[in-house]
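Undergrad: This is the structure I have questions about; it appears just below.
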Protein chains: 2
Amino acid sequence: MRKPTLSEVARRAGVSPTTVSRWLNGSIHLPVGTAERIREAVRDLDYRPNAQARRLSRGRAEAIGVVVPDISNPFFALIAGEAERVAVDSGYDLVIWSSRNLIERELACFDRLAAGFIDGLILITNHEDDGRLADRVARNPGRVVIVDEDVRGAVAPRVLVENEAGGHMATAALTAAGHRRIAHVGGPRGVMSAAERAAGWRRALAEAGVVAPAAWHFRTEYEMAPAIVAAEGLFALDPAPTAVFAGSDAIALGVMVKARERGVSIPGDLSLVGFDGLPIVDLLGPPLTSVAQPIDELGRLAAERLVLMIDGEAPPVDTLRLPVRLVERASVAAPKRGEGPQRAA
Amino acid sequence: MRKPTLSEVARRAGVSPTTVSRWLNGSIHLPVGTAERIREAVRDLDYRPNAQARRLSRGRAEAIGVVVPDISNPFFALIAGEAERVAVDSGYDLVIWSSRNLIERELACFDRLAAGFIDGLILITNHEDDGRLADRVARNPGRVVIVDEDVRGAVAPRVLVENEAGGHMATAALTAAGHRRIAHVGGPRGVMSAAERAAGWRRALAEAGVVAPAAWHFRTEYEMAPAIVAAEGLFALDPAPTAVFAGSDAIALGVMVKARERGVSIPGDLSLVGFDGLPIVDLLGPPLTSVAQPIDELGRLAAERLVLMIDGEAPPVDTLRLPVRLVERASVAAPKRGEGPQRAA
DNA sequence: GGGGTCTGGTAAAGGCGTTTACTAAAGGCC
DNA sequence: GGCCTTTAGTAAACGCCTTTACCAGACCCC
């Protein structure tokens with residue numbers, strides 16, 4: 001029993017394939033009798049339009065894609081989850097690619113876009129672009145939305161967050177608790193969000209009368225494993241920092257791992273603030289104070305804009321900057337006596 | 001500048017479309033001169049076969065799907081991530097659907113399968129089937145692989161884990177530490193993995209000379225939010241349990257939240273063992289002893305079997321049972337004095 | 001020189017909906 | 001009776017690639 005085709009349904013209903021197609025797609029009004037015969041034929045044969053033929057005819061894949069550095073990272077999984085919800089509600093399926101942060105794999109996704117596998121792409125990167133991504137975006141006008149991390153020079157709508165403000169509020173929470181020697185373990189060089197968060201850190205320190213020495217600024221990938229290594233440097237500083245602003249929750253986890261290894265207690269010996277606000281940080285030992293990004297909103301807005309663009313109602317090529325907010329938990333305390341407000345060494 | 005078609009490439013190269021198609025797909029050998037002309041034409045026009053037409057011709061979507069209850073849950077995200085890797089390496093794209101554990105949404109994925117949107121489906125459920133899923137699986141022979149949770153009566157390969165053994169080793173770790181009043185907060189009724197893990201719990205208790213009273217067995221969804229509520233009951237027991245075996249890490253998190261709320265310290269007042277072995281449990285306060293599932297393997301094996309089946313090399317419709325292992329961390333301690341080995345109340 | 005085998009291709013038939021343009025018939029109006 | 005409108009459809013083109021079946025010519029062997 002092969003799959004039934006439109007013609008078979010039409011024959012059974014005693015009408016032409018055109019009529020069935022148009023009726024199924026709601027582009028024709030038919031008298032109840034005819035409609036009923038078609039309905040029955042469809043039901044009897046368990047007919048379902050062939051997706052391939054339909055896509056070829058319509059010139060649409062009825063799917064959108066999202067590239068993330070790593071789908072098993074909860075931050076990206078949350079964004080993808082929300083994008084999936086919007087996509088399905090809008091009649092699209094969501095294809096997910098994990099780029100492992102490799103530009104070649106990201107470029108491969110653009111090939112899929114060019115080939116029509118998907119109608120549009122949500123692009124989430126985590127590294128500096130060498131120009132190739134911006135070029136691909138330019139070649140696919142109206143089909144790409146950039147999320148969370150900038151792709152410099154690309155012409156596309158962006159949905160980003162207020163990184164500088166976030167870096168500032170994270171650090172200000174620490175200066176308010178009395179800290180002055182606040183190190184920053186941030187994202188990699190050349191990455192916009194990392195630069196902005198670091199700028200916020202620097203500004204908050206300056207407001208507390210501290211000029212951040214370069215040695216207090218560590219850079220690493222936004223992931224836990226490399227952050228564990230980077231955190232080494234933290235404990236080599238002399239005098240030691242009393243607090244750390246981590247550029248992501250994953251980095252904060254890395255700092256926590258290293259601190260535990262070293263017998264450094266948080267927040268007793270070291271206060272810590274993260275960035276992202278993953279649901280899980282509430283359950284860490286100790287619960288992590290973190291700058292919460294509106295993660296769901298990122299996914300939702302990105303998918304909504306992409307769907308709008310594909311459907312031809314082009315929104316302006318602009319940049320949305322979503323607000324972040326500080327969620328205070330238990331990983332920040334006052335510095336120990338003798339470690340209170342003071343100048344940088 | 002429209003997208004170039006195969007014919008345009010062919011014209012430019014001075015051959016027939018057939019030749020170009022066959023050469024591109026490697027099903028013909030051509031003298032270097034001809035090959036070079038085609039290569040040039042493809043490059044000059046930046047030709048890329050239209051994915052829709054190709055899929056229609058081949059009768060393949062070149063994509064597989066995975067339905068998970070919730071993609072933002074790290075357990076499923078990890079499985080999906082691994083499946084994505086295998087899929088891409090095998091020439092397929094991965095379409096992800098979040099079912100929110102709603103059977104209607106799961107059924108919708110089977111519609112996608114029937115319509116040819118995808119060539120095969122990895123099915124991960126989290127609830128009891130009312131027969132509809134098994135029916136859909138039966139109607140799509142050789143196109144479905146069932147992962148992690150059984151769908152009763154379905155005829156398809158399964159990749160599951162040794163739930164009973166896992167429940168046993170979790171509970172045995174607690175009896176070995178001296179506990180006897182060990183409660184179980186497990187998954188919902190009618191769900192195979194929940195029943196098996198509970199059976200392991202019961203067996204380990206029996207081996208320690210304890211017949212588990214029904215009152216010690218709590219059932220909840222495999223998620224944190226409902227587990228928080230379910231954990232209420234735990235603290236209403238009298239005498240209170242000295243340890244809990246949670247049917248999933250998410251449930252363990254729920255127990256931890258409730259314990260914290262109640263001022264019950266873990267493992268001081270209550271020992272706790274989870275199930276799943278998510279990467280994150282290592283960083284909780286306290287790090288959670290948990291039965292680790294081979295999560296990557298689940299995703300990898302499922303995707304590999306599905307791809308094999310689609311490519312026609314049908315593996316037997318069998319059930320793989322992957323081993324689990326206990327990873328001991330800091331959430332288990334000996335019961336307080338006076339709470340040691342003793343009979344159930 | 002008859003028959004066989006390579007080499008290097010090609011023509012044409014799918015695959016299956018969607019959509020545009022068009023028509024036949026019925027009904028309404030004056 | 002003539003003209004217009006509405007209703008209820010339909011024929012045919014289209015989207016673009018893949019694949020099967022087949023062919024012409026060159027070359028070889030005996």
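Order determines the names: the first chain of the structure tokens is A, the second B, and so forth; residues in each chain are numbered 1 upward, and ligands are numbered 1 upward as they are shown.
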Within 8 Å of A:Thr242, counting only C-alpha atoms (C1' of nucleotides), which residues show up once you throw out same-chain ones fewer than 3 positions away? Write them as a PyMOL selection string, please.
TA: chain A and resi 179-182+269-271+335+339
Undergrad: Per residue of chain D within 6 Å of chain B, record the nearest atom pair and its distance in Å to one decimal, counting only C-alpha atoms (C1' of nucleotides), with rows in chain order and ascending residue number, as a Markdown table.
TA:
```
| residue | atom | partner | partner_atom | distance |
| --- | --- | --- | --- | --- |
| D:DC16 | C1' | B:Ala53 | CA | 5.0 |
| D:DC17 | C1' | B:Arg54 | CA | 5.0 |
| D:DT18 | C1' | B:Ser57 | CA | 5.5 |
```
Undergrad: With C-alpha atoms (C1' of nucleotides) retained, could you export that selection as a PDB file, in the first residue's frame?
TA:
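Wrote it out as out.pdb, contents follow:
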```pdb
ATOM      1  C1'  DC D  16      13.960  21.199 -10.834  1.00  0.00           C
ATOM      2  C1'  DC D  17      16.446  17.249 -10.216  1.00  0.00           C
ATOM      3  C1'  DT D  18      17.262  12.088 -10.703  1.00  0.00           C
TER       4       DT D  18
END
```
Undergrad: If we count only C-alpha atoms (C1' of nucleotides), what is near A:Val95 at a cut-off of 12 Å, once residues fewer than 6 positions away on the same chain are taken out, given as a PyMOL selection string?
TA: (chain A and resi 61-68+71+80-81+83-84+87-88+109+112-113+117-122) or (chain B and resi 62-66+80+84+87-88+92-98+117-118)
Undergrad: Near chain A, meaning an atom within 9 Å, which residues of chain C appear when counting only C-alpha atoms (C1' of nucleotides)? Write them as a list in words.
TA: DG15, DC16, DG17, DT18 and DT19 of chain C
Undergrad: Take the residues just selected and output them with N, CA and C atoms (P, O5', C5', C4', C3', O3' and C1' of nucleotides) as a short mmCIF file (atom, residue, chain, number, x, y, z; two decimals), in the first residue's frame.
TA:
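Resulting contents of out17.cif:
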```cif
data_model
loop_
_atom_site.label_atom_id
_atom_site.label_comp_id
_atom_site.auth_asym_id
_atom_site.auth_seq_id
_atom_site.Cartn_x
_atom_site.Cartn_y
_atom_site.Cartn_z
P DG C 15 6.29 8.02 -10.91
"O5'" DG C 15 6.75 9.00 -9.76
"C5'" DG C 15 8.06 9.00 -9.19
"C4'" DG C 15 8.16 10.22 -8.31
"C3'" DG C 15 6.77 10.77 -7.95
"O3'" DG C 15 6.43 10.45 -6.62
"C1'" DG C 15 8.24 12.51 -8.69
P DC C 16 4.87 10.16 -6.34
"O5'" DC C 16 4.26 11.62 -6.17
"C5'" DC C 16 4.72 12.42 -5.09
"C4'" DC C 16 4.09 13.77 -5.22
"C3'" DC C 16 2.57 13.75 -5.44
"O3'" DC C 16 2.02 14.61 -4.47
"C1'" DC C 16 3.59 15.25 -6.93
P DG C 17 0.60 14.38 -3.92
"O5'" DG C 17 0.37 15.78 -3.25
"C5'" DG C 17 0.15 16.83 -4.09
"C4'" DG C 17 0.96 18.03 -3.66
"C3'" DG C 17 0.06 19.24 -3.60
"O3'" DG C 17 0.56 20.19 -2.71
"C1'" DG C 17 1.46 19.34 -5.54
P DT C 18 -0.40 21.41 -2.37
"O5'" DT C 18 -0.02 22.48 -3.48
"C5'" DT C 18 1.28 23.04 -3.48
"C4'" DT C 18 1.35 24.15 -4.49
"C3'" DT C 18 0.24 25.20 -4.39
"O3'" DT C 18 0.89 26.45 -4.52
"C1'" DT C 18 0.33 24.34 -6.58
P DT C 19 0.17 27.79 -4.13
"O5'" DT C 19 -0.08 28.43 -5.56
"C5'" DT C 19 0.98 28.41 -6.50
"C4'" DT C 19 0.48 28.83 -7.86
"C3'" DT C 19 -0.69 29.82 -7.82
"O3'" DT C 19 -0.43 30.81 -8.79
"C1'" DT C 19 -1.25 27.99 -9.18
#
```
Undergrad: Between atom CA of B:Pro239 and atom CA of B:Val191, what is the distance in Å, rounded to a tenth?
TA: 28.9 Å
Undergrad: What does the distance from atom CA of B:Ala333 to atom CA of B:Thr175 come to in Å, to one decimal?
TA: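 Going from atom CA of B:Ala333 over to atom CA of B:Thr175 covers 10.6 Å.
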Undergrad: Just list as number ranges by chain whatever in stretch 59-232 of chain B DSSP marks as alpha helix (DSSP H).
TA: B: 74-89, 103-115, 132-139, 163-176, 192-207, 224-232
Undergrad: Which is closer to chain A than all the others in B:Gly274, B:Phe218, B:Leu253, B:Ala212, using only C-alpha atoms?
TA: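 Residue with the minimum atom-to-atom distance to chain A: B:Leu253.
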Undergrad: In terms of the shortest atom-to-atom distance over only C-alpha atoms, which of B:Leu205, B:Ile295, B:Ala243, B:Leu133 is closest to B:Ile103?
TA: B:Leu133
